[in-house]
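Report on the following structure.
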Amino acid sequence: MTRILYSLCGADESRPFSPHCWKVVLALHHKGLDFVERPSPFTKISEIEGGFSRTVPILRDGNELIRDSFTIALYLEDTYPDRPTLFGGEGGRALSRFVERFTQTVVHPAISQFALPDIHDMLGETDQVYFRASREKIMGKSLEEIRADRDAAVGSFAAKLDPVRHTFRYQPYLGGDGPLFADYILFGALQWMRITTGAQVLTHDDPVQAWFERCLDLYNGVGRSVAPA
């Protein structure tokens with residue numbers, strides 16, 4: 001049986017960049033499950049598996065099709081309970097929801113303030129048209145205006161991670177002594193930023209940067225398999 005992870009790419013299929021798909025990549029490695037990754041551009045997602053979902057990630061596991069990164073993680077945990085846990089129990093599931101909400105309401109919007117023009121530049125022509133129209137509507141300003149404010153947005157980003165920074169005074173991972181799905185949620189966001197912008201927003205002595213480097217090294221360095229922008 002071949003597991004298939006459908007993910008997101010731009011014009012270059014070798015550079016998948018979706019934060020949500022990277023969560024699942026690390027979750028699958030955490031569980032020790034073999035899979036193949038099939039990146040797709042934005043405007044081709046609707047053709048995947050007969051239009052199963054408008055967004056990726058999508059995981060095909062035998063006859064099962066699952067969408068949404070958190071739903072996929074729950075599926076992997078429940079379907080493969082004999083393999084390393086992604087949550088460490090029900091409390092870990094609940095806390096991972098908090099990390100997900102923190103990431104999507106604080107971290108992702110902050111990254112969007114400077115990453116969107118770079119993502120646009122990575123896309124093929126058809127995807128660029130879609131991406132510009134959809135993101136400019138969401139942001140309420142043009143990609144050029146976002147690009148003009150890049151330095152300020154990059155400069156203000158690190159402070160958004162203060163709660164995480166303080167957590168790493170007590171433990172090496174959000175999951176404690178080792179990584180759990182909560183770590184992969186935040187990793188996905190910073191990996192998205194790394195691959196699309198290459199922006200150096202954290203200092204080398206920042207505990208968050210040290211944690212991110214540890215995550216990049218996990219599972220034979222799968223996170224480093226895609227170079228930064």
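Residue numbering restarts at 1 for every chain of the structure tokens, chains are lettered A, B, ... in their displayed order, and ligands are numbered from 1 as they appear.
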Exercise. Tell me, as a PyMOL selection string, which residues lie within 12 Å of A:Pro117, counting only C-alpha atoms; anything in the same chain fewer than 2 positions away does not count.
Key: chain A and resi 111-115+119-123+128+131-132+135-136+139+141-150+193+196-197
Contact check, stretch 101-144 of chain A to stretch 31-46 of chain A, at most 8 Å, counting only C-alpha atoms, closest pairs as a tab-separated table:
residue	atom	partner	partner_atom	distance
A:Leu123	CA	A:Pro41	CA	7.7
A:Thr126	CA	A:Thr43	CA	7.4
A:Asp127	CA	A:Thr43	CA	6.0
A:Tyr130	CA	A:Thr43	CA	7.6
Quiz item: Do you know which residues are at most 8 Å from A:Lys23 counting only C-alpha atoms, after dropping those on the same chain fewer than 3 positions away, and could you put them as a list in words?
Solution: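 Near A:Lys23, the qualifying residues are Pro19, His20, Leu26, Ala27, Ser69, Phe181, Tyr184, Ile185, Phe187 and Gly188 of chain A.
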Based on the selection just made, write all heavy atoms of those residues as a PDB file, in the first residue's frame.
ATOM      1  N   PRO A  19       2.615  25.471   5.127  1.00  0.00           N
ATOM      2  CA  PRO A  19       2.854  25.170   6.546  1.00  0.00           C
ATOM      3  C   PRO A  19       2.035  23.985   7.030  1.00  0.00           C
ATOM      4  O   PRO A  19       2.489  23.195   7.856  1.00  0.00           O
ATOM      5  CB  PRO A  19       2.440  26.465   7.257  1.00  0.00           C
ATOM      6  CG  PRO A  19       1.501  27.148   6.307  1.00  0.00           C
ATOM      7  CD  PRO A  19       2.009  26.804   4.935  1.00  0.00           C
ATOM      8  N   HIS A  20       0.817  23.860   6.508  1.00  0.00           N
ATOM      9  CA  HIS A  20      -0.069  22.783   6.948  1.00  0.00           C
ATOM     10  C   HIS A  20       0.420  21.425   6.434  1.00  0.00           C
ATOM     11  O   HIS A  20       0.288  20.412   7.129  1.00  0.00           O
ATOM     12  CB  HIS A  20      -1.490  23.068   6.479  1.00  0.00           C
ATOM     13  CG  HIS A  20      -1.951  24.440   6.862  1.00  0.00           C
ATOM     14  ND1 HIS A  20      -2.124  24.819   8.171  1.00  0.00           N
ATOM     15  CD2 HIS A  20      -2.236  25.538   6.109  1.00  0.00           C
ATOM     16  CE1 HIS A  20      -2.518  26.084   8.211  1.00  0.00           C
ATOM     17  NE2 HIS A  20      -2.586  26.538   6.975  1.00  0.00           N
ATOM     18  N   LEU A  26       6.067  15.890   8.904  1.00  0.00           N
ATOM     19  CA  LEU A  26       6.759  15.501  10.130  1.00  0.00           C
ATOM     20  C   LEU A  26       5.937  14.504  10.945  1.00  0.00           C
ATOM     21  O   LEU A  26       6.507  13.606  11.579  1.00  0.00           O
ATOM     22  CB  LEU A  26       7.110  16.728  10.961  1.00  0.00           C
ATOM     23  CG  LEU A  26       8.543  17.258  10.700  1.00  0.00           C
ATOM     24  CD1 LEU A  26       8.677  17.757   9.269  1.00  0.00           C
ATOM     25  CD2 LEU A  26       8.932  18.337  11.693  1.00  0.00           C
ATOM     26  N   ALA A  27       4.611  14.633  10.918  1.00  0.00           N
ATOM     27  CA  ALA A  27       3.768  13.679  11.646  1.00  0.00           C
ATOM     28  C   ALA A  27       3.906  12.275  11.072  1.00  0.00           C
ATOM     29  O   ALA A  27       3.976  11.288  11.826  1.00  0.00           O
ATOM     30  CB  ALA A  27       2.314  14.131  11.593  1.00  0.00           C
ATOM     31  N   SER A  69      -4.866  19.275   8.226  1.00  0.00           N
ATOM     32  CA  SER A  69      -3.676  18.768   8.906  1.00  0.00           C
ATOM     33  C   SER A  69      -3.980  18.210  10.292  1.00  0.00           C
ATOM     34  O   SER A  69      -3.458  17.145  10.673  1.00  0.00           O
ATOM     35  CB  SER A  69      -2.609  19.866   9.004  1.00  0.00           C
ATOM     36  OG  SER A  69      -3.104  20.995   9.703  1.00  0.00           O
ATOM     37  N   PHE A 181       3.087  16.668  18.075  1.00  0.00           N
ATOM     38  CA  PHE A 181       2.435  17.378  16.976  1.00  0.00           C
ATOM     39  C   PHE A 181       2.396  18.886  17.221  1.00  0.00           C
ATOM     40  O   PHE A 181       2.439  19.672  16.275  1.00  0.00           O
ATOM     41  CB  PHE A 181       1.033  16.833  16.743  1.00  0.00           C
ATOM     42  CG  PHE A 181       0.396  17.348  15.487  1.00  0.00           C
ATOM     43  CD1 PHE A 181       0.955  17.080  14.245  1.00  0.00           C
ATOM     44  CD2 PHE A 181      -0.759  18.117  15.535  1.00  0.00           C
ATOM     45  CE1 PHE A 181       0.388  17.564  13.072  1.00  0.00           C
ATOM     46  CE2 PHE A 181      -1.349  18.598  14.370  1.00  0.00           C
ATOM     47  CZ  PHE A 181      -0.771  18.326  13.137  1.00  0.00           C
ATOM     48  N   TYR A 184       5.237  20.337  15.566  1.00  0.00           N
ATOM     49  CA  TYR A 184       5.149  20.331  14.107  1.00  0.00           C
ATOM     50  C   TYR A 184       4.225  21.439  13.596  1.00  0.00           C
ATOM     51  O   TYR A 184       4.407  21.935  12.489  1.00  0.00           O
ATOM     52  CB  TYR A 184       4.674  18.962  13.617  1.00  0.00           C
ATOM     53  CG  TYR A 184       5.515  17.813  14.127  1.00  0.00           C
ATOM     54  CD1 TYR A 184       4.970  16.549  14.311  1.00  0.00           C
ATOM     55  CD2 TYR A 184       6.858  17.996  14.444  1.00  0.00           C
ATOM     56  CE1 TYR A 184       5.741  15.493  14.786  1.00  0.00           C
ATOM     57  CE2 TYR A 184       7.639  16.959  14.924  1.00  0.00           C
ATOM     58  CZ  TYR A 184       7.074  15.702  15.099  1.00  0.00           C
ATOM     59  OH  TYR A 184       7.834  14.672  15.578  1.00  0.00           O
ATOM     60  N   ILE A 185       3.256  21.812  14.410  1.00  0.00           N
ATOM     61  CA  ILE A 185       2.366  22.918  14.024  1.00  0.00           C
ATOM     62  C   ILE A 185       3.163  24.213  13.880  1.00  0.00           C
ATOM     63  O   ILE A 185       3.084  24.906  12.859  1.00  0.00           O
ATOM     64  CB  ILE A 185       1.242  23.083  15.060  1.00  0.00           C
ATOM     65  CG1 ILE A 185       0.302  21.872  15.045  1.00  0.00           C
ATOM     66  CG2 ILE A 185       0.447  24.370  14.789  1.00  0.00           C
ATOM     67  CD1 ILE A 185      -0.694  21.854  16.197  1.00  0.00           C
ATOM     68  N   PHE A 187       6.464  24.483  13.783  1.00  0.00           N
ATOM     69  CA  PHE A 187       7.515  24.270  12.789  1.00  0.00           C
ATOM     70  C   PHE A 187       7.004  24.564  11.387  1.00  0.00           C
ATOM     71  O   PHE A 187       7.700  25.192  10.579  1.00  0.00           O
ATOM     72  CB  PHE A 187       8.036  22.831  12.847  1.00  0.00           C
ATOM     73  CG  PHE A 187       8.965  22.495  11.716  1.00  0.00           C
ATOM     74  CD1 PHE A 187      10.300  22.843  11.769  1.00  0.00           C
ATOM     75  CD2 PHE A 187       8.492  21.853  10.572  1.00  0.00           C
ATOM     76  CE1 PHE A 187      11.160  22.559  10.707  1.00  0.00           C
ATOM     77  CE2 PHE A 187       9.340  21.566   9.514  1.00  0.00           C
ATOM     78  CZ  PHE A 187      10.683  21.919   9.582  1.00  0.00           C
ATOM     79  N   GLY A 188       5.792  24.109  11.069  1.00  0.00           N
ATOM     80  CA  GLY A 188       5.245  24.329   9.741  1.00  0.00           C
ATOM     81  C   GLY A 188       5.217  25.796   9.365  1.00  0.00           C
ATOM     82  O   GLY A 188       5.526  26.169   8.223  1.00  0.00           O
TER      83      GLY A 188
END
Any chance you could tabulate, as a Markdown table, the residues of stretch 183-221 of chain A at most 8 Å from stretch 155-179 of chain A with each one's nearest atom pair and distance in Å to one decimal, using only C-alpha atoms, in chain and rising number order?
| residue | atom | partner | partner_atom | distance |
| --- | --- | --- | --- | --- |
| A:Asp183 | CA | A:Leu174 | CA | 5.6 |
| A:Tyr184 | CA | A:Pro179 | CA | 7.7 |
| A:Val201 | CA | A:Ala158 | CA | 6.2 |
| A:Leu202 | CA | A:Ala158 | CA | 6.2 |
| A:Asp206 | CA | A:Arg165 | CA | 7.8 |
| A:Pro207 | CA | A:Arg165 | CA | 5.9 |
| A:Val208 | CA | A:Arg165 | CA | 5.6 |
| A:Trp211 | CA | A:Pro172 | CA | 6.8 |
Please write the residues from the selection above to a file, keeping C-alpha atoms, as a PDB file, in the first residue's frame.
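Printed below is out.pdb as written:
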ATOM      1  CA  ASP A 183       5.965  21.237  17.688  1.00  0.00           C
ATOM      2  CA  TYR A 184       5.149  20.331  14.107  1.00  0.00           C
ATOM      3  CA  VAL A 201      14.003  36.972  11.718  1.00  0.00           C
ATOM      4  CA  LEU A 202      15.590  35.207  14.699  1.00  0.00           C
ATOM      5  CA  ASP A 206      17.428  32.824  20.234  1.00  0.00           C
ATOM      6  CA  PRO A 207      15.965  29.712  21.939  1.00  0.00           C
ATOM      7  CA  VAL A 208      13.301  29.580  19.231  1.00  0.00           C
ATOM      8  CA  TRP A 211      14.476  24.716  18.623  1.00  0.00           C
TER       9      TRP A 211
END
Practice problem: May I have the residues within 12 Å of A:Leu28 as a ChimeraX atom specification, using only C-alpha atoms and disregarding those fewer than 5 positions away in the same chain? | Solution: /A:3-5,21-23,33-37,59,61,69,72-77,80,83-86,180-181,184,219,222
Quiz item: For A:Val24, which residue out of A:Leu186, A:Asn63, A:Val129, A:Glu90 is the nearest one, using only C-alpha atoms?
Solution: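 Among the listed residues, the smallest separation from A:Val24 belongs to A:Leu186.
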Self-check item: DSSP-assigned alpha helix (DSSP H) among stretch 156-192 of chain A, expressed as a ChimeraX atom specification
Solution: /A:162-167,181-192
Please produce a file of the residues just selected, as a PDB file, in the first residue's frame, where the atoms kept are C-alpha atoms.
ATOM      1  CA  ASP A 162       7.789  35.431  23.185  1.00  0.00           C
ATOM      2  CA  PRO A 163       5.399  32.862  24.759  1.00  0.00           C
ATOM      3  CA  VAL A 164       7.262  30.082  22.948  1.00  0.00           C
ATOM      4  CA  ARG A 165      10.639  31.589  23.771  1.00  0.00           C
ATOM      5  CA  HIS A 166       9.862  31.563  27.482  1.00  0.00           C
ATOM      6  CA  THR A 167       8.600  27.974  27.262  1.00  0.00           C
ATOM      7  CA  PHE A 181       2.435  17.378  16.976  1.00  0.00           C
ATOM      8  CA  ALA A 182       2.358  20.732  18.784  1.00  0.00           C
ATOM      9  CA  ASP A 183       5.965  21.237  17.688  1.00  0.00           C
ATOM     10  CA  TYR A 184       5.149  20.331  14.107  1.00  0.00           C
ATOM     11  CA  ILE A 185       2.366  22.918  14.024  1.00  0.00           C
ATOM     12  CA  LEU A 186       4.713  25.774  14.857  1.00  0.00           C
ATOM     13  CA  PHE A 187       7.515  24.270  12.789  1.00  0.00           C
ATOM     14  CA  GLY A 188       5.245  24.329   9.741  1.00  0.00           C
ATOM     15  CA  ALA A 189       4.817  28.079  10.060  1.00  0.00           C
ATOM     16  CA  LEU A 190       8.535  28.810  10.351  1.00  0.00           C
ATOM     17  CA  GLN A 191       9.351  26.344   7.584  1.00  0.00           C
ATOM     18  CA  TRP A 192       6.836  28.149   5.361  1.00  0.00           C
TER      19      TRP A 192
END
Quiz item: If we count only C-alpha atoms, what is near A:Ser225 at a cut-off of 12 Å, once residues fewer than 6 positions away on the same chain are taken out, given as a list of chain:residue names?
Solution: A:Ser14, A:Arg15, A:Pro16, A:Phe17, A:Trp22, A:Val25, A:Gln191, A:Ile195, A:Leu216, A:Asp217, A:Leu218, A:Tyr219
Output all heavy atoms of each residue in that selection to a file, as a compact mmCIF listing (two decimals), in the first residue's frame.
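Listed below is the output, result.txt:
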# COMPACT_ATOMS: atom_id res chain seq x y z
N SER A 14 9.73 20.76 -6.63
CA SER A 14 10.68 20.27 -5.63
C SER A 14 10.72 21.17 -4.39
O SER A 14 11.48 20.89 -3.46
CB SER A 14 12.09 20.18 -6.23
OG SER A 14 12.63 21.47 -6.48
N ARG A 15 9.88 22.22 -4.36
CA ARG A 15 9.90 23.15 -3.23
C ARG A 15 8.50 23.29 -2.61
O ARG A 15 7.91 24.37 -2.63
CB ARG A 15 10.43 24.51 -3.67
CG ARG A 15 11.87 24.48 -4.16
CD ARG A 15 12.40 25.86 -4.51
NE ARG A 15 12.35 26.77 -3.39
CZ ARG A 15 13.20 26.74 -2.36
NH1 ARG A 15 14.16 25.82 -2.31
NH2 ARG A 15 13.11 27.60 -1.39
N PRO A 16 7.95 22.20 -2.05
CA PRO A 16 6.65 22.32 -1.38
C PRO A 16 6.79 23.23 -0.17
O PRO A 16 7.77 23.14 0.58
CB PRO A 16 6.33 20.88 -0.98
CG PRO A 16 7.66 20.20 -0.89
CD PRO A 16 8.52 20.85 -1.95
N PHE A 17 5.81 24.12 0.04
CA PHE A 17 6.01 25.15 1.06
C PHE A 17 4.86 25.33 2.04
O PHE A 17 4.98 26.12 3.00
CB PHE A 17 6.32 26.50 0.40
CG PHE A 17 5.24 27.00 -0.52
CD1 PHE A 17 4.13 27.69 -0.03
CD2 PHE A 17 5.33 26.81 -1.89
CE1 PHE A 17 3.15 28.16 -0.89
CE2 PHE A 17 4.35 27.28 -2.76
CZ PHE A 17 3.25 27.96 -2.25
N TRP A 22 3.60 20.70 5.81
CA TRP A 22 4.81 20.35 6.54
C TRP A 22 4.49 19.74 7.90
O TRP A 22 5.22 18.87 8.39
CB TRP A 22 5.73 21.57 6.68
CG TRP A 22 6.63 21.71 5.49
CD1 TRP A 22 6.52 22.59 4.44
CD2 TRP A 22 7.79 20.91 5.20
NE1 TRP A 22 7.52 22.39 3.54
CE2 TRP A 22 8.32 21.37 3.97
CE3 TRP A 22 8.42 19.87 5.86
CZ2 TRP A 22 9.45 20.81 3.39
CZ3 TRP A 22 9.55 19.30 5.29
CH2 TRP A 22 10.07 19.77 4.07
N VAL A 25 3.95 16.14 7.02
CA VAL A 25 5.21 15.48 6.66
C VAL A 25 5.93 15.00 7.93
O VAL A 25 6.33 13.84 8.04
CB VAL A 25 6.12 16.43 5.85
CG1 VAL A 25 7.54 15.86 5.74
CG2 VAL A 25 5.55 16.67 4.46
N GLN A 191 8.84 26.97 8.81
CA GLN A 191 9.35 26.34 7.58
C GLN A 191 8.76 27.03 6.35
O GLN A 191 9.45 27.24 5.34
CB GLN A 191 9.03 24.85 7.59
CG GLN A 191 9.48 24.08 6.37
CD GLN A 191 10.96 23.77 6.33
OE1 GLN A 191 11.78 24.56 6.78
NE2 GLN A 191 11.31 22.62 5.76
N ILE A 195 11.21 28.73 3.55
CA ILE A 195 11.26 28.30 2.16
C ILE A 195 10.81 29.42 1.22
O ILE A 195 11.34 29.56 0.11
CB ILE A 195 10.38 27.05 1.96
CG1 ILE A 195 11.01 25.85 2.69
CG2 ILE A 195 10.21 26.72 0.48
CD1 ILE A 195 10.12 24.63 2.74
N LEU A 216 14.53 21.00 12.20
CA LEU A 216 15.03 20.80 10.84
C LEU A 216 15.87 19.53 10.73
O LEU A 216 15.92 18.88 9.69
CB LEU A 216 15.87 22.00 10.40
CG LEU A 216 15.11 23.28 10.04
CD1 LEU A 216 16.08 24.44 9.89
CD2 LEU A 216 14.30 23.11 8.77
N ASP A 217 16.52 19.15 11.83
CA ASP A 217 17.38 17.97 11.84
C ASP A 217 16.62 16.67 12.07
O ASP A 217 17.20 15.59 11.90
CB ASP A 217 18.45 18.12 12.92
CG ASP A 217 19.51 19.14 12.55
OD1 ASP A 217 19.72 19.39 11.35
OD2 ASP A 217 20.13 19.70 13.48
N LEU A 218 15.35 16.76 12.49
CA LEU A 218 14.59 15.55 12.79
C LEU A 218 14.45 14.66 11.55
O LEU A 218 14.39 15.15 10.42
CB LEU A 218 13.20 15.91 13.31
CG LEU A 218 13.12 16.57 14.69
CD1 LEU A 218 11.71 17.09 14.94
CD2 LEU A 218 13.53 15.59 15.79
N TYR A 219 14.41 13.35 11.78
CA TYR A 219 14.11 12.36 10.74
C TYR A 219 15.05 12.51 9.55
O TYR A 219 14.64 12.71 8.39
CB TYR A 219 12.63 12.48 10.31
CG TYR A 219 11.73 12.58 11.51
CD1 TYR A 219 10.94 13.70 11.73
CD2 TYR A 219 11.72 11.57 12.48
CE1 TYR A 219 10.15 13.81 12.87
CE2 TYR A 219 10.93 11.68 13.62
CZ TYR A 219 10.15 12.79 13.81
OH TYR A 219 9.40 12.91 14.95
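In this structure, atom CA of A:Leu116 sits 11.3 Å away from atom CA of A:Ile138.
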